[in-house]
Amino acid sequence: MSDVADRAEWRIEKDLQNARAHVMKKPTLDSDGHCHFCDEQIAHGRLFCNADCRDDYDKEQAALRRAGA
Ligand SMILES: [Zn+2]
């Protein structure tokens, strides 16, 4: 019966993500169970399947910002 605890933990992680996103002035990414870069299925609460995807996503976002998007 750890459902409530799991959810609380997920909620805390989500709040931390929001806080980090706010500090870094980036739009908040929703963790929908899929990698934001390659769309692979990942554990809920995670944004990317691995560090490579996170780095590539960051590079892509930086390029978009440089392009004035
Ligand atoms: Zn990925």
# chains A, B, ... in the order shown; residues from 1 in each chain; ligands from 1
>>> residues_near_ligand(ligand="ligand 1", cutoff="10 Å", atoms="only C-alpha atoms and all ligand atoms", output="list of chain:residue names")
A:His34, A:Cys35, A:His36, A:Phe37, A:Cys38, A:Asp39, A:Glu40, A:Gln41, A:Ile42, A:Leu47, A:Phe48, A:Cys49, A:Asn50, A:Ala51, A:Asp52, A:Cys53, A:Arg54, A:Asp56, A:Tyr57
>>> write_last_selection(atoms="N, CA and C atoms", output="PDB file, in the first residue's frame")
ATOM      1  N   HIS A  34       7.085   9.682 -21.852  1.00  0.00           N
ATOM      2  CA  HIS A  34       7.826   9.546 -23.095  1.00  0.00           C
ATOM      3  C   HIS A  34       9.014  10.497 -23.091  1.00  0.00           C
ATOM      4  N   CYS A  35      10.113  10.031 -23.671  1.00  0.00           N
ATOM      5  CA  CYS A  35      11.291  10.876 -23.815  1.00  0.00           C
ATOM      6  C   CYS A  35      10.933  12.075 -24.685  1.00  0.00           C
ATOM      7  N   HIS A  36      11.330  13.265 -24.260  1.00  0.00           N
ATOM      8  CA  HIS A  36      10.977  14.468 -25.012  1.00  0.00           C
ATOM      9  C   HIS A  36      11.790  14.607 -26.291  1.00  0.00           C
ATOM     10  N   PHE A  37      12.835  13.803 -26.422  1.00  0.00           N
ATOM     11  CA  PHE A  37      13.642  13.919 -27.624  1.00  0.00           C
ATOM     12  C   PHE A  37      13.325  12.820 -28.630  1.00  0.00           C
ATOM     13  N   CYS A  38      13.367  11.558 -28.198  1.00  0.00           N
ATOM     14  CA  CYS A  38      13.175  10.465 -29.151  1.00  0.00           C
ATOM     15  C   CYS A  38      11.823   9.777 -28.989  1.00  0.00           C
ATOM     16  N   ASP A  39      11.026  10.206 -28.000  1.00  0.00           N
ATOM     17  CA  ASP A  39       9.668   9.699 -27.820  1.00  0.00           C
ATOM     18  C   ASP A  39       9.612   8.257 -27.326  1.00  0.00           C
ATOM     19  N   GLU A  40      10.723   7.762 -26.833  1.00  0.00           N
ATOM     20  CA  GLU A  40      10.739   6.402 -26.292  1.00  0.00           C
ATOM     21  C   GLU A  40       9.976   6.378 -24.972  1.00  0.00           C
ATOM     22  N   GLN A  41       9.374   5.237 -24.674  1.00  0.00           N
ATOM     23  CA  GLN A  41       8.660   5.109 -23.401  1.00  0.00           C
ATOM     24  C   GLN A  41       9.655   5.059 -22.250  1.00  0.00           C
ATOM     25  N   ILE A  42       9.391   5.864 -21.223  1.00  0.00           N
ATOM     26  CA  ILE A  42      10.282   5.911 -20.064  1.00  0.00           C
ATOM     27  C   ILE A  42       9.460   5.928 -18.788  1.00  0.00           C
ATOM     28  N   LEU A  47      11.950  12.831 -17.894  1.00  0.00           N
ATOM     29  CA  LEU A  47      11.736  13.619 -19.109  1.00  0.00           C
ATOM     30  C   LEU A  47      12.455  13.021 -20.300  1.00  0.00           C
ATOM     31  N   PHE A  48      13.584  12.340 -20.032  1.00  0.00           N
ATOM     32  CA  PHE A  48      14.380  11.793 -21.128  1.00  0.00           C
ATOM     33  C   PHE A  48      14.796  10.372 -20.787  1.00  0.00           C
ATOM     34  N   CYS A  49      15.069   9.562 -21.834  1.00  0.00           N
ATOM     35  CA  CYS A  49      15.430   8.170 -21.587  1.00  0.00           C
ATOM     36  C   CYS A  49      16.888   8.061 -21.143  1.00  0.00           C
ATOM     37  N   ASN A  50      17.727   9.011 -21.542  1.00  0.00           N
ATOM     38  CA  ASN A  50      19.112   8.992 -21.079  1.00  0.00           C
ATOM     39  C   ASN A  50      19.740  10.374 -21.217  1.00  0.00           C
ATOM     40  N   ALA A  51      20.980  10.488 -20.767  1.00  0.00           N
ATOM     41  CA  ALA A  51      21.648  11.791 -20.740  1.00  0.00           C
ATOM     42  C   ALA A  51      21.888  12.310 -22.154  1.00  0.00           C
ATOM     43  N   ASP A  52      22.103  11.399 -23.121  1.00  0.00           N
ATOM     44  CA  ASP A  52      22.329  11.826 -24.506  1.00  0.00           C
ATOM     45  C   ASP A  52      21.113  12.582 -25.035  1.00  0.00           C
ATOM     46  N   CYS A  53      19.944  12.016 -24.794  1.00  0.00           N
ATOM     47  CA  CYS A  53      18.725  12.653 -25.273  1.00  0.00           C
ATOM     48  C   CYS A  53      18.538  14.010 -24.594  1.00  0.00           C
ATOM     49  N   ARG A  54      18.847  14.075 -23.306  1.00  0.00           N
ATOM     50  CA  ARG A  54      18.705  15.348 -22.594  1.00  0.00           C
ATOM     51  C   ARG A  54      19.646  16.390 -23.206  1.00  0.00           C
ATOM     52  N   ASP A  56      20.999  16.370 -26.236  1.00  0.00           N
ATOM     53  CA  ASP A  56      20.577  16.701 -27.606  1.00  0.00           C
ATOM     54  C   ASP A  56      19.373  17.634 -27.580  1.00  0.00           C
ATOM     55  N   TYR A  57      18.475  17.389 -26.640  1.00  0.00           N
ATOM     56  CA  TYR A  57      17.302  18.252 -26.530  1.00  0.00           C
ATOM     57  C   TYR A  57      17.731  19.667 -26.154  1.00  0.00           C
TER      58      TYR A  57
END
>>> residues_around(residues="Leu29 (chain A)", least_positions_apart="5", cutoff="10 Å", atoms="only C-alpha atoms", output="number ranges by chain")
A: 14, 17-18, 21, 36, 46-47
>>> write_last_selection(atoms="all heavy atoms", output="PDB file, in the first residue's frame")
ATOM      1  N   LYS A  14       7.994  16.557  -9.162  1.00  0.00           N
ATOM      2  CA  LYS A  14       7.379  17.483 -10.114  1.00  0.00           C
ATOM      3  C   LYS A  14       7.584  18.930  -9.661  1.00  0.00           C
ATOM      4  O   LYS A  14       7.916  19.801 -10.460  1.00  0.00           O
ATOM      5  CB  LYS A  14       5.882  17.157 -10.178  1.00  0.00           C
ATOM      6  CG  LYS A  14       5.153  17.882 -11.249  1.00  0.00           C
ATOM      7  CD  LYS A  14       5.144  17.073 -12.530  1.00  0.00           C
ATOM      8  CE  LYS A  14       4.350  17.825 -13.578  1.00  0.00           C
ATOM      9  NZ  LYS A  14       4.924  17.663 -14.893  1.00  0.00           N
ATOM     10  N   GLN A  17      11.053  19.918 -10.336  1.00  0.00           N
ATOM     11  CA  GLN A  17      11.246  20.188 -11.762  1.00  0.00           C
ATOM     12  C   GLN A  17      10.734  21.578 -12.100  1.00  0.00           C
ATOM     13  O   GLN A  17      11.380  22.337 -12.820  1.00  0.00           O
ATOM     14  CB  GLN A  17      10.486  19.157 -12.602  1.00  0.00           C
ATOM     15  CG  GLN A  17      11.223  17.833 -12.721  1.00  0.00           C
ATOM     16  CD  GLN A  17      10.357  16.791 -13.412  1.00  0.00           C
ATOM     17  OE1 GLN A  17       9.300  17.104 -13.952  1.00  0.00           O
ATOM     18  NE2 GLN A  17      10.796  15.553 -13.379  1.00  0.00           N
ATOM     19  N   ASN A  18       9.567  21.928 -11.587  1.00  0.00           N
ATOM     20  CA  ASN A  18       9.003  23.246 -11.853  1.00  0.00           C
ATOM     21  C   ASN A  18       9.914  24.337 -11.311  1.00  0.00           C
ATOM     22  O   ASN A  18      10.136  25.352 -11.965  1.00  0.00           O
ATOM     23  CB  ASN A  18       7.625  23.353 -11.202  1.00  0.00           C
ATOM     24  CG  ASN A  18       6.591  22.525 -11.934  1.00  0.00           C
ATOM     25  OD1 ASN A  18       6.816  22.106 -13.059  1.00  0.00           O
ATOM     26  ND2 ASN A  18       5.461  22.277 -11.304  1.00  0.00           N
ATOM     27  N   ALA A  21      12.997  24.586 -13.488  1.00  0.00           N
ATOM     28  CA  ALA A  21      12.654  25.200 -14.767  1.00  0.00           C
ATOM     29  C   ALA A  21      12.493  26.701 -14.581  1.00  0.00           C
ATOM     30  O   ALA A  21      12.910  27.485 -15.420  1.00  0.00           O
ATOM     31  CB  ALA A  21      11.374  24.592 -15.317  1.00  0.00           C
ATOM     32  N   HIS A  36      11.330  13.265 -24.260  1.00  0.00           N
ATOM     33  CA  HIS A  36      10.977  14.468 -25.012  1.00  0.00           C
ATOM     34  C   HIS A  36      11.790  14.607 -26.291  1.00  0.00           C
ATOM     35  O   HIS A  36      11.478  15.447 -27.126  1.00  0.00           O
ATOM     36  CB  HIS A  36      11.184  15.714 -24.141  1.00  0.00           C
ATOM     37  CG  HIS A  36      10.061  15.929 -23.180  1.00  0.00           C
ATOM     38  ND1 HIS A  36       9.009  16.754 -23.425  1.00  0.00           N
ATOM     39  CD2 HIS A  36       9.815  15.369 -21.972  1.00  0.00           C
ATOM     40  CE1 HIS A  36       8.163  16.718 -22.413  1.00  0.00           C
ATOM     41  NE2 HIS A  36       8.629  15.889 -21.514  1.00  0.00           N
ATOM     42  N   ARG A  46      10.026  10.970 -15.480  1.00  0.00           N
ATOM     43  CA  ARG A  46      11.282  11.304 -16.142  1.00  0.00           C
ATOM     44  C   ARG A  46      10.989  12.043 -17.444  1.00  0.00           C
ATOM     45  O   ARG A  46       9.919  11.906 -18.021  1.00  0.00           O
ATOM     46  CB  ARG A  46      12.075  10.029 -16.436  1.00  0.00           C
ATOM     47  CG  ARG A  46      12.475   9.288 -15.175  1.00  0.00           C
ATOM     48  CD  ARG A  46      13.536   8.273 -15.468  1.00  0.00           C
ATOM     49  NE  ARG A  46      14.704   8.916 -16.051  1.00  0.00           N
ATOM     50  CZ  ARG A  46      15.795   8.243 -16.441  1.00  0.00           C
ATOM     51  NH1 ARG A  46      15.855   6.953 -16.302  1.00  0.00           N
ATOM     52  NH2 ARG A  46      16.807   8.879 -16.959  1.00  0.00           N
ATOM     53  N   LEU A  47      11.950  12.831 -17.894  1.00  0.00           N
ATOM     54  CA  LEU A  47      11.736  13.619 -19.109  1.00  0.00           C
ATOM     55  C   LEU A  47      12.455  13.021 -20.300  1.00  0.00           C
ATOM     56  O   LEU A  47      12.017  13.171 -21.438  1.00  0.00           O
ATOM     57  CB  LEU A  47      12.234  15.054 -18.894  1.00  0.00           C
ATOM     58  CG  LEU A  47      11.489  15.853 -17.828  1.00  0.00           C
ATOM     59  CD1 LEU A  47      12.163  17.206 -17.632  1.00  0.00           C
ATOM     60  CD2 LEU A  47      10.032  16.049 -18.208  1.00  0.00           C
TER      61      LEU A  47
END
>>> select_by_dssp(residues="chain A", states="helix (DSSP H, G or I)", output="VMD selection string")
chain A and resid 3 to 23 51 to 66
